[in-house]
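Here is the structure we will look at, set down as structure tokens.
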Amino acid sequence: MSALSFRNVWVEYGSQIVLERINIEIASGSFVSVVGPSGAGKSTFLRLILGQERPSQGAVLLDGEPFPAEPGPDRGIVFQRYSVFPHLTVLGNVLVSHEFEQRPFTARLFGAARRRAIEKSEAMIESVGLAEHRDKYPSALSGGMQQRLAIAQALARRPRVLLLDEPFGALDPGTRTQMHALIKPLWRDLKMTIVMVTHDIREAFGLATRLIALDHPRRDPQAQERYGAKITYDLDLTRDGPAPVLGFSKPRPPTANYGSS
Amino acid sequence: MNIAPARGSRILLAAIPFFLIVVVYIIGSAERRAANPDDKLLPPISEMAETSKRLATEPDRRSGEYVLWTDTTASLQRLLLGLGISTLIGLSFGLTVGLLPIAGASFGTIVAVISMIPPMAVLPILFIVFGLGELSKVMLIIIGVAPCLVRDISIEVQGLPREQMVKAQTLGASTWQVAIRVVLPQIMPRLIKSVRLMLGPAFLFLISAEAIAADVGLGYRIFLVRRYLSMDVILPYVAWITLLAFALDMLLGLFARKVFPWAYVEEPR
């Protein structure tokens with residue numbers, strides 16, 4: 001189970017309000033894509049779930065529980081860049097999470113434990129199609145392969161929530177389609193909740209079961225920073241969707257406040 | 001700019017400047033000798049070779065030691081000890097200051113200030129506090145080199161993408177695990193690079209300290225024979241020191257390439 005709820009969340013930096021009054025329940029196992037113009041707080045939204053940022057007001061809950069305000073193994077992330085460790089091979093990048101888990105002090109595995117962890121990691125690498133590249137360093141991989149590796153790495157600890165921060169933004173269209181074909185079955189098999197921030201509207205509609213748009217519904221021309229972004233659209237995409245979603249909550253009517261724009 | 005020499009001609013091209021220096025020296029030396037047979041400033045190469053051979057292979061008449069080798073071991077010991085300790089300090093402090101904001105806030109400024117102290121200015125203090133023995137010379141190298149390494153490494157740590165730290169934490173890593181598995185290996189190439197760059201200053205501090213107070217060492221020897229204008233000793237010693245520094249630099253470079261191949265993939269040579 002991995003349901004996320006935002007309860008009246010506000011994020012403010014000094015006098016600037018980034019997000020205001022965010023109320024949303026994300027059902028366990030949904031694939032949510034978050035769209036919106038630049039500066040609408042999409043990344044802030046993601047960082048709230050990641051625990052990298054705290055709400056100024058309100059609370060973000062995972063399965064009804066508040067979680068520590070720092071990134072942890074129950075929430076995995078794939079960034080657009082710098083997601084993999086350049087000093088480790090493909091295998092090492094996936095293996096390292098098992099080493100973190102099992103050896104708090106040395107963070108290195110040896111002997112039988114290492115062989116078991118390698119087996120698990122190899123299965124993960126296989127599932128993203130990097131089996132023949134397992135001994136290469138990330139610098140020898142193409143952009144698409146690096147993102148595959150980042151996904152394999154993020155999934156190694158079986159996070160309850162997977163966060164994708166414009167993961168395919170830097171890839172060419174062909175590679176992007178391949179990545180879409182890769183992520184969908186993984187999501188279905190591992191039954192996790194995915195929250196993906198993206199600029200690509202087709203991607204947002206094509207992959208997700210639910211789409212959230214963040215935008216500034218009101219603007220004060222004298223004090224732009226005093227109105228934060230809200231959820232302006234909240235669409236259920238499951239009706240024709242090929243994937244069944246367990247426990248998916250019906251979308252609430254779009255937030256009514258369209259303001260002056 | 002697009003014409004790159006092949007490997008063979010690269011070596012040849014690198015040798016040309018050295019060859020030119022030697023030729024100019026030989027001409028200059030011969031000219032001076034022709035004008036004044038007792039000239040000491042530019043001794044001919046044959047004379048320098050003779051002296052070097054004597055220093056390296058014949059025991060000294062008074063002490064019975066092979067002067068060149070006792071000087072070299074004494075100096076290298078001081079240098080490597082000083083550099084080694086500086087490296088350890090630079091690595092541990094630099095990593096802590098760079099990674100932990102609390103440590104950065106507490107020690108960042110003091111390190112920046114300490115690294116601005118001219119080491120030669122504190123040499124008298126070192127001689128007073130630690131005496132004239134080995135310790136003060138090693139300390140001088142440490143004081144001159146370690147703060148720079150700490151600063152360099154902490155800046156390098158802070159320059160690592162924030163995403164990697166977050167990513168490591170989402171994989172379950174603690175701060176300690178991030179330090180040893182994510183940050184440490186990634187700053188090692190930089191550490192070696194910085195140590196290579198600090199070789200020059202380290203030699204400078206070593207030779208200065210030896211020139212002022214020592215009874216053995218490469219720096220001591222050249223400042224001792226300076227009184228007799230023994231260019232036939234000084235020049236080979238300078239060449240020998242240069243060669244030692246160059247060899248250390250090259251060894252560190254080769255070591256880094258061997259151990260951290262991932263850090264050098266994008267460099268063509």
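Going by the structure tokens order, chains are called A, B, ..., each with residues numbered from 1, while ligands are numbered from 1 in the order shown.
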
Let's see if you can do this: from backbone DSSP, list all strand (DSSP E or B) residues in stretch 61-230 of chain A, as a PyMOL selection string. chain A and resi 61-62+65-66+75-78+161-165+193-197+210-215+229-230

Export of the given selection (N, CA and C atoms) as an mmCIF file, in the first residue's frame:
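Heads up, here's the output in again_33.cif:
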```
data_model
loop_
_atom_site.group_PDB
_atom_site.id
_atom_site.type_symbol
_atom_site.label_atom_id
_atom_site.label_comp_id
_atom_site.auth_asym_id
_atom_site.auth_seq_id
_atom_site.Cartn_x
_atom_site.Cartn_y
_atom_site.Cartn_z
ATOM 1 N N LEU A 61 1.134 13.030 3.696
ATOM 2 C CA LEU A 61 1.099 11.744 4.406
ATOM 3 C C LEU A 61 1.295 10.596 3.419
ATOM 4 N N LEU A 62 2.014 9.595 3.848
ATOM 5 C CA LEU A 62 2.178 8.374 3.066
ATOM 6 C C LEU A 62 1.439 7.279 3.831
ATOM 7 N N GLU A 65 0.407 8.246 7.274
ATOM 8 C CA GLU A 65 1.431 8.542 8.272
ATOM 9 C C GLU A 65 2.314 9.672 7.751
ATOM 10 N N PRO A 66 2.682 10.607 8.599
ATOM 11 C CA PRO A 66 3.707 11.559 8.177
ATOM 12 C C PRO A 66 5.048 10.827 8.057
ATOM 13 N N ARG A 75 10.832 5.873 -0.937
ATOM 14 C CA ARG A 75 10.504 6.715 -2.080
ATOM 15 C C ARG A 75 11.713 6.792 -3.010
ATOM 16 N N GLY A 76 11.578 6.203 -4.186
ATOM 17 C CA GLY A 76 12.680 6.225 -5.149
ATOM 18 C C GLY A 76 12.538 7.394 -6.091
ATOM 19 N N ILE A 77 13.644 7.791 -6.700
ATOM 20 C CA ILE A 77 13.540 8.917 -7.630
ATOM 21 C C ILE A 77 14.443 8.713 -8.837
ATOM 22 N N VAL A 78 13.973 9.194 -9.985
ATOM 23 C CA VAL A 78 14.795 9.263 -11.184
ATOM 24 C C VAL A 78 14.811 10.723 -11.618
ATOM 25 N N VAL A 161 6.838 4.351 -3.486
ATOM 26 C CA VAL A 161 6.486 5.427 -4.404
ATOM 27 C C VAL A 161 7.698 5.695 -5.291
ATOM 28 N N LEU A 162 7.467 5.769 -6.600
ATOM 29 C CA LEU A 162 8.560 6.127 -7.508
ATOM 30 C C LEU A 162 8.279 7.510 -8.065
ATOM 31 N N LEU A 163 9.266 8.397 -7.903
ATOM 32 C CA LEU A 163 9.106 9.760 -8.386
ATOM 33 C C LEU A 163 9.962 9.931 -9.627
ATOM 34 N N LEU A 164 9.374 10.508 -10.665
ATOM 35 C CA LEU A 164 10.115 10.713 -11.904
ATOM 36 C C LEU A 164 10.123 12.210 -12.195
ATOM 37 N N ASP A 165 11.290 12.816 -12.178
ATOM 38 C CA ASP A 165 11.388 14.264 -12.394
ATOM 39 C C ASP A 165 11.858 14.512 -13.815
ATOM 40 N N THR A 193 3.208 3.237 -6.582
ATOM 41 C CA THR A 193 2.611 4.495 -7.002
ATOM 42 C C THR A 193 3.685 5.294 -7.725
ATOM 43 N N ILE A 194 3.373 5.839 -8.886
ATOM 44 C CA ILE A 194 4.345 6.649 -9.611
ATOM 45 C C ILE A 194 3.822 8.080 -9.726
ATOM 46 N N VAL A 195 4.670 9.022 -9.414
ATOM 47 C CA VAL A 195 4.345 10.424 -9.666
ATOM 48 C C VAL A 195 5.393 10.955 -10.628
ATOM 49 N N MET A 196 4.956 11.391 -11.803
ATOM 50 C CA MET A 196 5.896 11.826 -12.835
ATOM 51 C C MET A 196 5.641 13.287 -13.197
ATOM 52 N N VAL A 197 6.674 14.081 -13.093
ATOM 53 C CA VAL A 197 6.603 15.458 -13.566
ATOM 54 C C VAL A 197 7.084 15.478 -15.004
ATOM 55 N N ARG A 210 -3.855 9.223 -14.037
ATOM 56 C CA ARG A 210 -4.447 10.452 -13.511
ATOM 57 C C ARG A 210 -3.510 11.597 -13.846
ATOM 58 N N LEU A 211 -4.077 12.724 -14.218
ATOM 59 C CA LEU A 211 -3.251 13.842 -14.618
ATOM 60 C C LEU A 211 -3.597 15.054 -13.768
ATOM 61 N N ILE A 212 -2.571 15.672 -13.232
ATOM 62 C CA ILE A 212 -2.775 16.869 -12.426
ATOM 63 C C ILE A 212 -2.077 18.024 -13.120
ATOM 64 N N ALA A 213 -2.786 19.132 -13.273
ATOM 65 C CA ALA A 213 -2.139 20.327 -13.821
ATOM 66 C C ALA A 213 -2.006 21.352 -12.709
ATOM 67 N N LEU A 214 -0.792 21.886 -12.585
ATOM 68 C CA LEU A 214 -0.561 22.941 -11.608
ATOM 69 C C LEU A 214 -0.435 24.256 -12.359
ATOM 70 N N ASP A 215 -1.069 25.284 -11.881
ATOM 71 C CA ASP A 215 -0.915 26.592 -12.519
ATOM 72 C C ASP A 215 -1.351 27.670 -11.537
ATOM 73 N N ALA A 229 0.668 28.520 -6.889
ATOM 74 C CA ALA A 229 0.027 27.645 -7.853
ATOM 75 C C ALA A 229 -0.912 26.686 -7.134
ATOM 76 N N LYS A 230 -1.970 26.322 -7.844
ATOM 77 C CA LYS A 230 -2.928 25.353 -7.313
ATOM 78 C C LYS A 230 -3.105 24.250 -8.336
#
```

Proximal residues of chain A relative to chain B (only C-alpha atoms; 6 Å) as a VMD selection string: chain A and resid 71 to 73 76 87 97 100

Residue subset to file, keeping C-alpha atoms, as a JSON list (two decimals), in the first residue's frame:
```
[["chain", "number", "residue", "atom", "x", "y", "z"],
["A", 71, "PRO", "CA", 14.72, 11.22, 1.46],
["A", 72, "GLY", "CA", 14.43, 7.56, 2.36],
["A", 73, "PRO", "CA", 14.29, 4.12, 0.75],
["A", 76, "GLY", "CA", 12.68, 6.22, -5.15],
["A", 87, "HIS", "CA", 32.23, 6.01, -10.46],
["A", 97, "SER", "CA", 21.59, -0.06, -2.82],
["A", 100, "PHE", "CA", 23.61, 0.26, 1.75]]
```

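Counting only C-alpha atoms, the residue from A:Gly169, A:Pro86, A:Pro104, A:Pro159 that sits nearest to A:Lys136 is A:Pro86.
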
Could you please determine the separation between atom CA of B:Asp152 and atom CA of B:Met250 in Å, to one decimal place? 20.7 Å

Could you pull out the helix (DSSP H, G or I) residues of stretch 48-258 of chain A from DSSP and send them as a PyMOL selection string? chain A and resi 48-50+90-102+111-127+131-133+138-140+143-155+173-190+201-207+224-226

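Atom pair atom CA of A:Glu53 / atom CA of A:Phe6 has a distance of 13.6 Å (rounded to one decimal).
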
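Among the candidates B:Ala6, B:Leu204, B:Leu199, B:Ala214, the residue lying nearest to B:Asp249 is B:Leu199 (atoms considered: only C-alpha atoms).
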
A:Leu141 environment, 12 Å, only C-alpha atoms, sequence neighbours closer than 2 positions dropped, as a PyMOL selection string: (chain A and resi 84+86+89-90+130+132-139+143-150) or (chain B and resi 265)

I'd like the contact shell of A:Phe205 - 10 Å cut-off, only C-alpha atoms, skipping same-chain residues fewer than 3 positions apart - returned as a PyMOL selection string. chain A and resi 32-33+35+200-202+208-211+235-237

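Straight-line separation from atom CA of B:Val145 to atom CA of B:Val233: 29.0 Å.
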
Considering only C-alpha atoms, return as an NGL selection string whatever protein or nucleic-acid residues lie within 8 Å of A:Glu12, sequence-local ones (same chain, fewer than 6 positions apart) excluded. :A and (18-19 or 55-56)

Which residues, written as a PyMOL selection string, have at least one atom at most 9 Å from B:Leu126, with only C-alpha atoms counted and residues fewer than 4 positions away on the same chain left out? chain B and resi 122+130-132+135-137+139-140

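Nearest to A:Ala170 of all the residues A:Ile22, A:Ile17, A:Gly36, A:His199 is A:His199, based on only C-alpha atoms.
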
For B:Leu235, work out the shell of residues within 12 Å, counting only C-alpha atoms and skipping chain neighbours fewer than 6 positions away, then give it as a VMD selection string. chain B and resid 25 40 to 45 47 to 49 51 to 52 218 221 to 223 225 to 226 229 241 to 242

Go ahead and write the residues just picked, C-alpha atoms, as a PDB file, in the first residue's frame.
```
ATOM      1  CA  TYR B  25      74.406  25.734 -22.027  1.00  0.00           C
ATOM      2  CA  LYS B  40      82.836  28.596 -11.767  1.00  0.00           C
ATOM      3  CA  LEU B  41      79.500  29.873 -12.996  1.00  0.00           C
ATOM      4  CA  LEU B  42      78.919  27.554 -15.928  1.00  0.00           C
ATOM      5  CA  PRO B  43      80.986  24.420 -15.374  1.00  0.00           C
ATOM      6  CA  PRO B  44      81.169  22.107 -18.409  1.00  0.00           C
ATOM      7  CA  ILE B  45      78.929  19.051 -18.355  1.00  0.00           C
ATOM      8  CA  GLU B  47      82.862  18.408 -14.769  1.00  0.00           C
ATOM      9  CA  MET B  48      79.334  18.185 -13.400  1.00  0.00           C
ATOM     10  CA  ALA B  49      79.171  14.500 -14.323  1.00  0.00           C
ATOM     11  CA  THR B  51      81.170  15.649  -9.369  1.00  0.00           C
ATOM     12  CA  SER B  52      77.837  13.866  -9.453  1.00  0.00           C
ATOM     13  CA  LEU B 218      69.072  18.181  -0.707  1.00  0.00           C
ATOM     14  CA  ARG B 221      73.547  20.608   0.486  1.00  0.00           C
ATOM     15  CA  ILE B 222      72.937  23.210  -2.204  1.00  0.00           C
ATOM     16  CA  PHE B 223      72.865  26.049   0.307  1.00  0.00           C
ATOM     17  CA  VAL B 225      78.090  24.557  -1.255  1.00  0.00           C
ATOM     18  CA  ARG B 226      76.702  27.916  -2.386  1.00  0.00           C
ATOM     19  CA  LEU B 229      80.246  28.827  -5.707  1.00  0.00           C
ATOM     20  CA  ILE B 241      65.349  17.539  -7.384  1.00  0.00           C
ATOM     21  CA  THR B 242      63.449  18.421 -10.528  1.00  0.00           C
TER      22      THR B 242
END
```
